[in-house]
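Visitor: To be precise about what I am sending: the file is called coords_10.txt and holds compact mmCIF, C-alpha atoms and all ligand atoms.
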```txt
# COMPACT_ATOMS: atom_id res chain seq x y z
CA MET A 1 -53.97 6.03 -73.70
CA THR A 2 -50.44 6.55 -75.01
CA THR A 3 -49.60 9.20 -77.54
CA LYS A 4 -48.79 6.42 -79.98
CA THR A 5 -52.23 4.85 -79.58
CA LYS A 6 -54.02 8.19 -79.91
CA ASP A 7 -51.97 8.96 -82.99
CA SER A 8 -53.05 5.72 -84.63
CA LEU A 9 -56.69 6.38 -83.69
CA PHE A 10 -57.03 10.06 -84.56
CA VAL A 11 -54.27 11.14 -86.92
CA ALA A 12 -54.50 10.34 -90.63
CA ASN A 13 -52.29 7.45 -91.64
CA THR A 14 -49.95 9.45 -93.86
CA TYR A 15 -46.73 9.13 -91.90
CA LYS A 16 -44.71 6.08 -91.02
CA ARG A 17 -43.28 7.45 -87.79
CA PHE A 18 -40.17 6.34 -85.99
CA PRO A 19 -40.93 4.71 -82.62
CA LEU A 20 -39.98 7.88 -80.80
CA GLN A 21 -41.86 10.75 -79.20
CA LEU A 22 -40.01 14.01 -78.80
CA VAL A 23 -41.00 16.36 -76.02
CA LYS A 24 -38.43 19.14 -76.02
CA GLY A 25 -35.18 20.32 -77.50
CA LYS A 26 -32.27 22.69 -77.00
CA GLY A 27 -29.71 23.43 -79.68
CA ALA A 28 -28.87 20.21 -81.53
CA ILE A 29 -30.26 18.03 -78.72
CA ALA A 30 -33.77 16.59 -78.62
CA TYR A 31 -35.29 14.75 -75.64
CA ASP A 32 -37.82 11.94 -75.65
CA GLU A 33 -40.56 11.38 -73.07
CA ASN A 34 -38.18 9.44 -70.83
CA GLY A 35 -35.58 12.20 -70.84
CA LYS A 36 -33.23 10.32 -73.17
CA GLU A 37 -31.03 12.67 -75.21
CA TYR A 38 -30.60 12.54 -78.96
CA ILE A 39 -28.23 14.51 -81.15
CA ASP A 40 -30.59 15.55 -83.91
CA LEU A 41 -28.96 15.51 -87.35
CA ALA A 42 -32.29 15.82 -89.18
CA SER A 43 -33.48 19.21 -87.89
CA GLY A 44 -37.13 18.44 -88.57
CA ILE A 45 -36.17 17.79 -92.24
CA ALA A 46 -33.91 20.81 -92.69
CA VAL A 47 -36.29 23.16 -90.88
CA ASN A 48 -34.68 23.98 -87.53
CA THR A 49 -31.84 25.98 -89.10
CA PHE A 50 -30.22 26.88 -85.78
CA GLY A 51 -31.53 23.93 -83.81
CA TYR A 52 -34.14 23.86 -81.07
CA ALA A 53 -35.09 26.91 -79.01
CA ASP A 54 -32.26 29.06 -80.36
CA GLU A 55 -32.13 32.05 -78.03
CA GLU A 56 -32.01 34.89 -80.54
CA TRP A 57 -34.60 33.34 -82.81
CA THR A 58 -36.94 32.54 -79.92
CA LYS A 59 -36.68 36.12 -78.66
CA ALA A 60 -37.50 37.56 -82.08
CA VAL A 61 -40.46 35.23 -82.51
CA ILE A 62 -41.91 35.79 -79.02
CA GLU A 63 -41.54 39.54 -79.34
CA GLN A 64 -43.56 39.48 -82.55
CA LEU A 65 -46.04 36.94 -81.17
CA THR A 66 -46.93 39.12 -78.23
CA THR A 67 -47.11 42.28 -80.37
CA LEU A 68 -49.10 41.32 -83.46
CA GLN A 69 -49.66 37.70 -84.44
CA HIS A 70 -51.67 38.02 -87.64
CA THR A 71 -53.33 40.67 -89.75
CA SER A 72 -54.13 39.06 -93.15
CA ASN A 73 -52.68 40.58 -96.28
CA LEU A 74 -55.28 43.34 -96.33
CA TYR A 75 -52.90 45.48 -94.27
CA TYR A 76 -49.23 46.48 -94.38
CA THR A 77 -46.93 44.92 -91.79
CA ASP A 78 -43.28 45.51 -91.07
CA PRO A 79 -41.99 41.90 -90.71
CA CYS A 80 -43.31 41.09 -94.20
CA VAL A 81 -41.55 43.97 -95.95
CA THR A 82 -38.38 43.59 -93.88
CA LEU A 83 -38.08 39.95 -94.91
CA ALA A 84 -38.91 40.66 -98.56
CA GLU A 85 -36.31 43.41 -98.71
CA LEU A 86 -33.70 41.21 -97.05
CA LEU A 87 -34.32 38.33 -99.46
CA CYS A 88 -34.19 40.63 -102.49
CA GLU A 89 -31.01 42.34 -101.29
CA LYS A 90 -29.26 39.05 -100.69
CA THR A 91 -30.30 37.38 -103.96
CA GLY A 92 -30.85 40.17 -106.47
CA MET A 93 -34.39 38.94 -107.01
CA LYS A 94 -37.01 41.67 -107.36
CA LYS A 95 -40.19 40.69 -105.55
CA VAL A 96 -41.39 38.07 -103.10
CA PHE A 97 -44.67 36.23 -102.66
CA PHE A 98 -45.10 34.61 -99.26
CA GLY A 99 -46.95 31.35 -98.64
CA ASN A 100 -46.77 28.76 -95.90
CA SER A 101 -44.89 25.79 -97.31
CA GLY A 102 -42.61 24.52 -100.01
CA ALA A 103 -45.47 23.21 -102.08
CA GLU A 104 -47.16 26.61 -102.02
CA ALA A 105 -43.94 28.36 -102.98
CA ASN A 106 -43.71 26.02 -105.97
CA GLU A 107 -47.39 26.49 -106.84
CA CYS A 108 -46.68 30.20 -106.99
CA ALA A 109 -43.70 29.58 -109.28
CA VAL A 110 -45.84 27.46 -111.59
CA LYS A 111 -48.57 30.13 -111.70
CA ALA A 112 -45.96 32.81 -112.43
CA ALA A 113 -44.46 30.74 -115.26
CA ARG A 114 -47.84 29.99 -116.77
CA LYS A 115 -48.99 33.58 -116.65
CA TYR A 116 -45.68 34.70 -118.16
CA ALA A 117 -46.04 32.16 -120.98
CA GLU A 118 -49.71 32.92 -121.51
CA LYS A 119 -48.96 36.63 -121.99
CA LYS A 120 -46.43 35.69 -124.66
CA GLY A 121 -48.89 33.30 -126.28
CA ARG A 122 -46.60 30.32 -126.05
CA SER A 123 -46.50 26.78 -124.67
CA THR A 124 -47.18 26.64 -120.95
CA THR A 125 -45.40 23.30 -120.53
CA ILE A 126 -42.96 23.13 -117.64
CA LEU A 127 -39.99 20.80 -117.72
CA THR A 128 -38.87 19.16 -114.48
CA LEU A 129 -36.44 16.36 -113.66
CA LEU A 130 -36.91 12.70 -112.91
CA GLN A 131 -36.31 11.87 -109.22
CA SER A 132 -37.27 15.43 -108.30
CA PHE A 133 -39.55 16.35 -105.43
CA HIS A 134 -41.59 19.54 -105.52
CA GLY A 135 -44.45 18.95 -103.09
CA ARG A 136 -47.72 17.14 -102.39
CA THR A 137 -50.43 19.34 -103.90
CA LEU A 138 -51.80 17.98 -107.16
CA THR A 139 -49.82 20.50 -109.20
CA THR A 140 -46.54 20.08 -107.36
CA LEU A 141 -47.05 16.30 -107.53
CA ALA A 142 -47.39 16.67 -111.28
CA ALA A 143 -44.10 18.57 -111.23
CA THR A 144 -42.51 15.83 -109.12
CA GLY A 145 -40.76 13.37 -111.43
CA GLN A 146 -41.48 10.24 -109.42
CA GLU A 147 -44.32 7.94 -110.50
CA GLY A 148 -44.60 6.48 -107.01
CA PHE A 149 -46.05 9.72 -105.68
CA HIS A 150 -48.54 10.07 -108.56
CA LYS A 151 -50.44 6.81 -108.40
CA ASP A 152 -53.88 6.88 -106.75
CA PHE A 153 -54.25 10.63 -107.33
CA LEU A 154 -54.82 10.93 -111.05
CA PRO A 155 -55.63 13.09 -112.89
CA LEU A 156 -52.90 15.50 -111.88
CA THR A 157 -52.44 19.00 -113.27
CA ASP A 158 -51.54 18.91 -116.97
CA GLY A 159 -48.56 20.53 -118.54
CA PHE A 160 -45.52 18.91 -116.95
CA VAL A 161 -42.87 16.81 -118.65
CA HIS A 162 -39.93 15.15 -116.95
CA THR A 163 -36.40 14.55 -118.16
CA PRO A 164 -33.54 12.64 -116.50
CA ALA A 165 -31.19 14.66 -114.28
CA ASN A 166 -27.65 15.16 -115.61
CA ASP A 167 -28.52 13.92 -119.11
CA ILE A 168 -27.73 16.81 -121.45
CA GLU A 169 -28.88 15.07 -124.62
CA ALA A 170 -32.26 14.22 -123.13
CA LEU A 171 -32.56 17.82 -121.94
CA GLU A 172 -31.91 19.14 -125.44
CA ARG A 173 -34.46 16.71 -126.88
CA ALA A 174 -37.05 17.77 -124.29
CA PHE A 175 -36.57 21.41 -125.29
CA GLU A 176 -37.03 20.53 -128.96
CA GLU A 177 -40.09 18.38 -128.38
CA HIS A 178 -41.95 20.47 -125.84
CA SER A 179 -40.65 24.09 -126.06
CA PRO A 180 -41.13 24.44 -122.30
CA CYS A 181 -41.80 27.89 -120.85
CA ALA A 182 -39.79 26.98 -117.75
CA VAL A 183 -37.45 24.41 -116.25
CA MET A 184 -37.83 23.70 -112.55
CA PHE A 185 -35.08 21.87 -110.69
CA GLU A 186 -33.41 21.32 -107.32
CA VAL A 187 -29.63 21.77 -107.61
CA VAL A 188 -29.40 18.93 -105.11
CA GLN A 189 -32.31 16.53 -105.29
CA GLY A 190 -33.20 15.93 -101.65
CA GLU A 191 -36.01 13.42 -101.46
CA GLY A 192 -34.66 11.84 -104.66
CA GLY A 193 -31.56 10.64 -102.80
CA VAL A 194 -29.38 13.69 -102.13
CA ASN A 195 -28.08 13.85 -105.69
CA PRO A 196 -26.44 17.08 -106.86
CA LEU A 197 -26.88 18.19 -110.44
CA ASN A 198 -23.65 18.38 -112.45
CA TYR A 199 -22.29 21.86 -113.10
CA ASP A 200 -22.32 21.28 -116.89
CA PHE A 201 -25.91 20.08 -116.86
CA VAL A 202 -27.04 23.22 -115.04
CA GLN A 203 -25.03 25.36 -117.49
CA ARG A 204 -26.89 23.69 -120.36
CA ILE A 205 -30.23 24.42 -118.66
CA LYS A 206 -29.14 28.04 -118.41
CA GLU A 207 -28.10 28.24 -122.08
CA LEU A 208 -31.28 26.57 -123.32
CA CYS A 209 -33.46 28.79 -121.14
CA GLU A 210 -31.71 31.91 -122.40
CA LYS A 211 -31.94 30.83 -126.02
CA ASN A 212 -35.62 29.87 -125.79
CA ASP A 213 -36.79 32.58 -123.37
CA ALA A 214 -37.74 29.90 -120.86
CA LEU A 215 -37.67 30.59 -117.14
CA MET A 216 -35.24 28.95 -114.77
CA ILE A 217 -37.00 28.02 -111.54
CA ALA A 218 -34.70 26.92 -108.70
CA ASP A 219 -36.52 24.87 -106.05
CA GLU A 220 -34.46 25.79 -102.99
CA VAL A 221 -36.94 24.45 -100.47
CA GLN A 222 -34.48 21.99 -98.93
CA ILE A 223 -30.97 23.07 -99.99
CA GLY A 224 -31.69 26.79 -99.54
CA ASN A 225 -31.21 29.15 -96.60
CA GLY A 226 -27.57 28.48 -95.92
CA ARG A 227 -27.56 24.69 -95.92
CA SER A 228 -25.32 24.39 -98.99
CA GLY A 229 -22.65 26.69 -97.58
CA LYS A 230 -23.96 29.58 -99.67
CA LEU A 231 -27.23 31.36 -98.98
CA TYR A 232 -28.91 29.46 -101.83
CA GLY A 233 -27.69 26.31 -103.53
CA TYR A 234 -27.92 27.74 -107.05
CA MET A 235 -25.17 30.19 -106.06
CA HIS A 236 -22.69 27.31 -106.46
CA TYR A 237 -23.62 27.03 -110.13
CA ASP A 238 -23.04 30.55 -111.53
CA ILE A 239 -26.66 31.02 -112.55
CA THR A 240 -29.31 33.63 -111.85
CA PRO A 241 -32.67 31.88 -111.75
CA ASP A 242 -35.80 33.78 -112.82
CA VAL A 243 -37.70 32.30 -109.91
CA VAL A 244 -36.42 30.92 -106.61
CA THR A 245 -38.68 29.02 -104.26
CA THR A 246 -37.87 28.24 -100.67
CA ALA A 247 -39.43 27.15 -97.38
CA LYS A 248 -38.15 24.51 -94.90
CA GLY A 249 -35.24 26.28 -93.15
CA LEU A 250 -36.45 29.78 -93.96
CA GLY A 251 -38.50 30.26 -90.80
CA GLY A 252 -36.15 28.31 -88.52
CA GLY A 253 -39.06 26.13 -87.36
CA LEU A 254 -42.12 28.12 -88.38
CA PRO A 255 -44.23 27.43 -91.46
CA ILE A 256 -43.30 29.89 -94.17
CA GLY A 257 -42.57 29.58 -97.87
CA ALA A 258 -41.41 32.20 -100.32
CA CYS A 259 -41.43 32.52 -104.07
CA LEU A 260 -38.80 35.02 -105.21
CA LEU A 261 -39.52 36.62 -108.55
CA GLY A 262 -36.70 37.88 -110.76
CA GLU A 263 -36.71 40.69 -113.26
CA LYS A 264 -38.62 38.87 -116.02
CA VAL A 265 -41.53 37.90 -113.83
CA GLN A 266 -41.51 40.57 -111.15
CA ASP A 267 -44.72 42.13 -112.47
CA VAL A 268 -46.43 39.02 -113.75
CA PHE A 269 -48.90 38.99 -110.87
CA THR A 270 -51.51 41.70 -110.59
CA TYR A 271 -54.10 42.45 -107.91
CA GLY A 272 -56.13 39.36 -107.19
CA SER A 273 -54.08 36.95 -109.32
CA HIS A 274 -52.64 35.12 -106.31
CA GLY A 275 -52.97 35.17 -102.55
CA SER A 276 -52.78 33.40 -99.19
CA THR A 277 -54.57 34.14 -95.91
CA PHE A 278 -51.67 33.08 -93.72
CA GLY A 279 -48.98 34.19 -96.19
CA ALA A 280 -46.44 36.61 -94.68
CA ASN A 281 -47.72 35.92 -91.20
CA PRO A 282 -45.82 38.40 -88.98
CA VAL A 283 -44.58 35.79 -86.50
CA CYS A 284 -43.24 33.52 -89.24
CA CYS A 285 -41.67 36.51 -91.01
CA ALA A 286 -40.02 37.70 -87.78
CA GLY A 287 -38.51 34.22 -87.36
CA ALA A 288 -37.31 34.23 -90.96
CA VAL A 289 -35.81 37.73 -90.68
CA ASN A 290 -33.76 36.46 -87.74
CA ILE A 291 -32.58 33.40 -89.68
CA ILE A 292 -31.74 35.12 -92.96
CA SER A 293 -30.00 38.09 -91.35
CA ARG A 294 -27.74 35.73 -89.39
CA LEU A 295 -26.66 33.73 -92.45
CA ASP A 296 -23.60 35.92 -93.06
CA ASP A 297 -20.23 34.87 -94.48
CA GLU A 298 -19.04 33.60 -91.13
CA ALA A 299 -22.11 31.41 -90.58
CA LEU A 300 -21.84 30.06 -94.12
CA LYS A 301 -18.16 29.29 -93.65
CA GLY A 302 -19.19 27.41 -90.52
CA VAL A 303 -21.47 25.28 -92.69
CA THR A 304 -18.68 24.48 -95.15
CA ASP A 305 -16.24 23.66 -92.34
CA ARG A 306 -18.71 21.32 -90.65
CA ALA A 307 -19.46 19.65 -93.98
CA GLU A 308 -15.77 19.01 -94.49
CA LEU A 309 -15.45 17.62 -90.99
CA ILE A 310 -18.30 15.19 -91.72
CA ARG A 311 -16.87 14.10 -95.07
CA ASN A 312 -13.41 13.55 -93.64
CA ALA A 313 -14.85 11.43 -90.85
CA LEU A 314 -17.16 9.34 -93.03
CA ILE A 315 -15.42 8.81 -96.34
CA GLY A 316 -13.49 5.56 -96.26
CA ALA A 317 -15.05 4.36 -93.01
CA GLU A 318 -16.07 0.72 -92.84
CA GLY A 319 -19.52 0.10 -94.31
CA ILE A 320 -19.71 3.52 -95.97
CA GLU A 321 -19.64 3.33 -99.76
CA SER A 322 -20.03 6.99 -100.65
CA VAL A 323 -21.12 10.39 -99.41
CA SER A 324 -23.13 12.70 -101.70
CA GLY A 325 -24.61 16.16 -101.33
CA LEU A 326 -23.60 19.75 -100.80
CA GLY A 327 -22.79 21.49 -97.52
CA LEU A 328 -24.85 20.18 -94.63
CA MET A 329 -27.24 18.20 -96.81
CA MET A 330 -25.66 14.80 -97.19
CA GLY A 331 -26.56 11.32 -98.33
CA ILE A 332 -24.56 8.36 -97.12
CA LYS A 333 -24.63 5.16 -99.14
CA THR A 334 -24.11 2.40 -96.64
CA THR A 335 -23.38 -1.28 -97.12
CA LYS A 336 -26.08 -2.16 -94.61
CA PRO A 337 -29.66 -1.16 -95.44
CA ALA A 338 -30.20 2.52 -94.51
CA GLY A 339 -33.12 1.62 -92.23
CA GLU A 340 -30.90 -0.60 -90.13
CA VAL A 341 -28.27 2.13 -89.73
CA ILE A 342 -30.93 4.71 -88.83
CA ALA A 343 -32.45 2.46 -86.17
CA LYS A 344 -29.05 1.68 -84.68
CA CYS A 345 -28.19 5.40 -84.57
CA MET A 346 -31.46 6.15 -82.81
CA GLU A 347 -30.80 3.45 -80.26
CA ASN A 348 -27.45 5.11 -79.59
CA GLY A 349 -28.83 8.63 -79.34
CA VAL A 350 -28.45 10.09 -82.84
CA LEU A 351 -31.33 11.05 -85.14
CA VAL A 352 -30.76 10.68 -88.88
CA ILE A 353 -33.27 10.05 -91.66
CA SER A 354 -33.35 8.42 -95.08
CA ALA A 355 -33.47 9.60 -98.66
CA LYS A 356 -34.26 6.69 -100.99
CA ASP A 357 -31.61 4.07 -100.13
CA LYS A 358 -29.28 6.51 -98.36
CA VAL A 359 -28.89 7.79 -94.83
CA ARG A 360 -29.55 11.53 -94.93
CA LEU A 361 -27.93 14.13 -92.69
CA LEU A 362 -29.43 17.61 -92.29
CA PRO A 363 -27.87 18.90 -89.06
CA PRO A 364 -28.52 22.35 -87.62
CA LEU A 365 -26.16 24.78 -89.36
CA ASN A 366 -24.57 25.86 -86.07
CA ILE A 367 -24.21 22.44 -84.44
CA PRO A 368 -21.22 22.60 -82.07
CA THR A 369 -18.33 20.58 -83.52
CA ASP A 370 -17.83 18.51 -80.37
CA VAL A 371 -21.48 17.46 -80.51
CA LEU A 372 -21.14 16.71 -84.21
CA LYS A 373 -18.05 14.57 -83.61
CA LYS A 374 -19.91 12.56 -80.99
CA ALA A 375 -22.74 11.94 -83.45
CA LEU A 376 -20.31 10.94 -86.21
CA ALA A 377 -18.73 8.33 -83.97
CA VAL A 378 -22.20 6.81 -83.45
CA ILE A 379 -22.91 6.83 -87.20
CA ILE A 380 -19.56 5.23 -88.03
CA ASP A 381 -20.19 2.55 -85.45
CA ALA A 382 -23.69 1.90 -86.81
CA CYS A 383 -22.39 1.50 -90.37
CA LYS A 384 -19.82 -1.17 -89.46
C1 LIG A 401 -39.91 19.44 -98.84
C2 LIG A 401 -39.80 19.92 -100.23
C3 LIG A 401 -40.91 20.49 -100.89
C4 LIG A 401 -42.28 20.55 -100.26
O1 LIG A 401 -42.29 21.37 -99.15
P1 LIG A 401 -43.56 21.31 -98.14
O2 LIG A 401 -43.26 22.40 -97.16
O3 LIG A 401 -43.59 19.96 -97.53
O4 LIG A 401 -44.76 21.60 -98.95
C5 LIG A 401 -40.71 20.98 -102.16
N1 LIG A 401 -39.51 20.93 -102.76
C6 LIG A 401 -38.43 20.40 -102.16
C7 LIG A 401 -37.12 20.39 -102.88
C8 LIG A 401 -38.55 19.86 -100.88
O5 LIG A 401 -37.48 19.29 -100.30
```
Could I get this file's structure written as structure tokens?
Guide:
Amino acid sequence: MTTKTKDSLFVANTYKRFPLQLVKGKGAIAYDENGKEYIDLASGIAVNTFGYADEEWTKAVIEQLTTLQHTSNLYYTDPCVTLAELLCEKTGMKKVFFGNSGAEANECAVKAARKYAEKKGRSTTILTLLQSFHGRTLTTLAATGQEGFHKDFLPLTDGFVHTPANDIEALERAFEEHSPCAVMFEVVQGEGGVNPLNYDFVQRIKELCEKNDALMIADEVQIGNGRSGKLYGYMHYDITPDVVTTAKGLGGGLPIGACLLGEKVQDVFTYGSHGSTFGANPVCCAGAVNIISRLDDEALKGVTDRAELIRNALIGAEGIESVSGLGLMMGIKTTKPAGEVIAKCMENGVLVISAKDKVRLLPPLNIPTDVLKKALAVIIDACK
């Protein structure tokens, strides 16, 4: 029986997979079962920060794996505290809760916001944006401002209202009507179509949050961990969120999520108020320590340079209407349907994915420029 047949027999039907089975990878190159090479510009949806089987990362992970793979959170471990300290040092946040995914990081943020609001005896409503994506649990689905994801799963968690991105008047009205205790947003909406928030809109969120003692929650699950050209995407917007959530690229390919708590909420949790069996798993933390400690100024400049190279190559090319995004998270609006372009790229050895009606690029942050140029030539050809 082929893998494809077994998949259709035994794996839940939640994913519409591409007709491709990957068997191994090295750097930015993935190989299928026939040994065909692909330049992977999707990185497992922004997860493989430094590509496949990165040497330093692999070494750090294997060393931890063969030393101590798991302990539960009943005991102290070094990788956990090393990563927490690193994240706090680099962001100015005060404390970190570790989970295993983006959705869990956001669940933690929602619990923190609610507990904070509850203590103050005020509305626990959380404001999020239309076209956002915050995860697949019932609560993070409720936070997600896209009806399409909600249907069939009602009732969702109460207490979320949505307002259009980049609409300052609607934002002001939502604050008046709902007195939210928090606003949660992605500075670049990933699944929503790679749409960055406007600088002025984010400034207004900041002002309204300050004025109303509401928390700013930055969902950095996709744009975070160096992808924007800064360590976290919010750093482009001159704001200091009260809560930052991240996952995807944090572990460089291992499942880990983190909810970073700022000054206002650093002590909101008390013993027993939240937890996770796998949270802060030493192997995942060791992988994340390697990733975060390598995202220095030079690595981040490399991201910005590669992003510029991509923009210069794509903007104005035949069949390309526009390029959106920030750093190495890009959405290409093509004249042809995105699906057609993606299929053509795959045929010619380049992996890209979609975001709504766009072609989405999420290359490894250290992709060699000659490899990137080869991939861009394939994309340009596919868009014609
Ligand atoms: C992917 C994503 C999530 C959900 O992360 P999971 O690890 O799939 O739970 C949440 N927020 C954003 C912005 C994402 O891109």
Visitor: Please report, as a tab-separated table, each residue of chain A lying at most 8 Å from ligand LIG 401 (chain A), together with the nearest pair of atoms and the separation in Å rounded to one decimal; use all atoms listed in the file, and order rows by chain and ascending residue number.
Guide:
```
residue	atom	partner	partner_atom	distance
A:Ile45	CA	A:LIG401	C1	7.8
A:Asn100	CA	A:LIG401	O2	7.4
A:Ser101	CA	A:LIG401	O2	3.8
A:Gly102	CA	A:LIG401	O1	3.3
A:Ala103	CA	A:LIG401	O4	3.6
A:Glu104	CA	A:LIG401	O4	6.3
A:Ala105	CA	A:LIG401	O4	7.9
A:Asn106	CA	A:LIG401	C5	7.0
A:Ser132	CA	A:LIG401	C7	7.3
A:Phe133	CA	A:LIG401	N1	5.3
A:His134	CA	A:LIG401	N1	3.7
A:Gly135	CA	A:LIG401	C4	3.9
A:Arg136	CA	A:LIG401	O4	6.4
A:Thr137	CA	A:LIG401	O4	7.9
A:Thr140	CA	A:LIG401	C5	7.9
A:Glu186	CA	A:LIG401	C7	5.9
A:Gln189	CA	A:LIG401	C7	6.6
A:Gly190	CA	A:LIG401	O5	5.6
A:Glu191	CA	A:LIG401	O5	6.2
A:Asp219	CA	A:LIG401	C7	5.5
A:Glu220	CA	A:LIG401	C7	6.0
A:Val221	CA	A:LIG401	C6	4.6
A:Gln222	CA	A:LIG401	O5	4.3
A:Ile223	CA	A:LIG401	C7	7.3
A:Thr246	CA	A:LIG401	N1	7.8
A:Ala247	CA	A:LIG401	O2	6.1
A:Lys248	CA	A:LIG401	O2	6.0
A:Pro255	CA	A:LIG401	O2	7.7
A:Gly257	CA	A:LIG401	O2	7.2
```
Visitor: Using only C-alpha atoms for the distances, tell me which of A:Asn348, A:Thr240, A:Ser276, A:Asn198 is nearest to Leu74 of chain A.
Guide: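 Smallest distance to Leu74 of chain A is found for A:Ser276.
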Visitor: So what do you get for atom CA of Ala170 of chain A versus atom CA of Lys333 of chain A, distance-wise?
Guide: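 About the pair atom CA of Ala170 of chain A and atom CA of Lys333 of chain A: they are 26.8 Å apart.
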Visitor: Fewer than 2 positions away in the same chain doesn't count, so skip those; otherwise give me all residues within 12 Å of segment 65-70 of chain A, counting only C-alpha atoms, as a list of chain:residue names.
Guide: A:Thr58, A:Lys59, A:Ala60, A:Val61, A:Ile62, A:Glu63, A:Ser72, A:Asn73, A:Leu74, A:Tyr75, A:Tyr76, A:Thr77, A:Asp78, A:Pro79, A:Cys80, A:Thr277, A:Phe278, A:Gly279, A:Ala280, A:Asn281, A:Pro282, A:Val283, A:Cys284, A:Cys285, A:Ala286, A:Gly287
Visitor: Can you work out the spacing between atom CA of Ala84 of chain A and atom CA of Val96 of chain A in Å, to one decimal?
Guide: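 Separation of atom CA of Ala84 of chain A and atom CA of Val96 of chain A: 5.8 Å.
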Visitor: List as a ChimeraX atom specification the protein and nucleic acid residues near Asp305 of chain A, meaning an atom at most 12 Å away when only C-alpha atoms are counted, but skip any in the same chain fewer than 4 places from it.
Guide: /A:227-229,298-301,309-312,326-328,365-369,372
Visitor: Could you write out the selected residues, including C-alpha atoms, as a short mmCIF file (atom, residue, chain, number, x, y, z; two decimals), keeping the file's coordinate frame?
Guide:
```cif
data_model
loop_
_atom_site.label_atom_id
_atom_site.label_comp_id
_atom_site.auth_asym_id
_atom_site.auth_seq_id
_atom_site.Cartn_x
_atom_site.Cartn_y
_atom_site.Cartn_z
CA ARG A 227 -27.56 24.69 -95.92
CA SER A 228 -25.32 24.39 -98.99
CA GLY A 229 -22.65 26.69 -97.58
CA GLU A 298 -19.04 33.60 -91.13
CA ALA A 299 -22.11 31.41 -90.58
CA LEU A 300 -21.84 30.06 -94.12
CA LYS A 301 -18.16 29.29 -93.65
CA LEU A 309 -15.45 17.62 -90.99
CA ILE A 310 -18.30 15.19 -91.72
CA ARG A 311 -16.87 14.10 -95.07
CA ASN A 312 -13.41 13.55 -93.64
CA LEU A 326 -23.60 19.75 -100.80
CA GLY A 327 -22.79 21.49 -97.52
CA LEU A 328 -24.85 20.18 -94.63
CA LEU A 365 -26.16 24.78 -89.36
CA ASN A 366 -24.57 25.86 -86.07
CA ILE A 367 -24.21 22.44 -84.44
CA PRO A 368 -21.22 22.60 -82.07
CA THR A 369 -18.33 20.58 -83.52
CA LEU A 372 -21.14 16.71 -84.21
#
```
Visitor: To one decimal place, how far is atom CA of Leu197 of chain A from atom CA of Leu130 of chain A in Å?
Guide: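 Value for the atom CA of Leu197 of chain A-atom CA of Leu130 of chain A distance: 11.7 Å.
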Visitor: Between A:Ile217, A:Ile168, A:Ala28, A:Ile379, which is the closest to Phe201 of chain A once you count only C-alpha atoms?
Guide: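 Among the listed residues, A:Ile168 lies closest to Phe201 of chain A.
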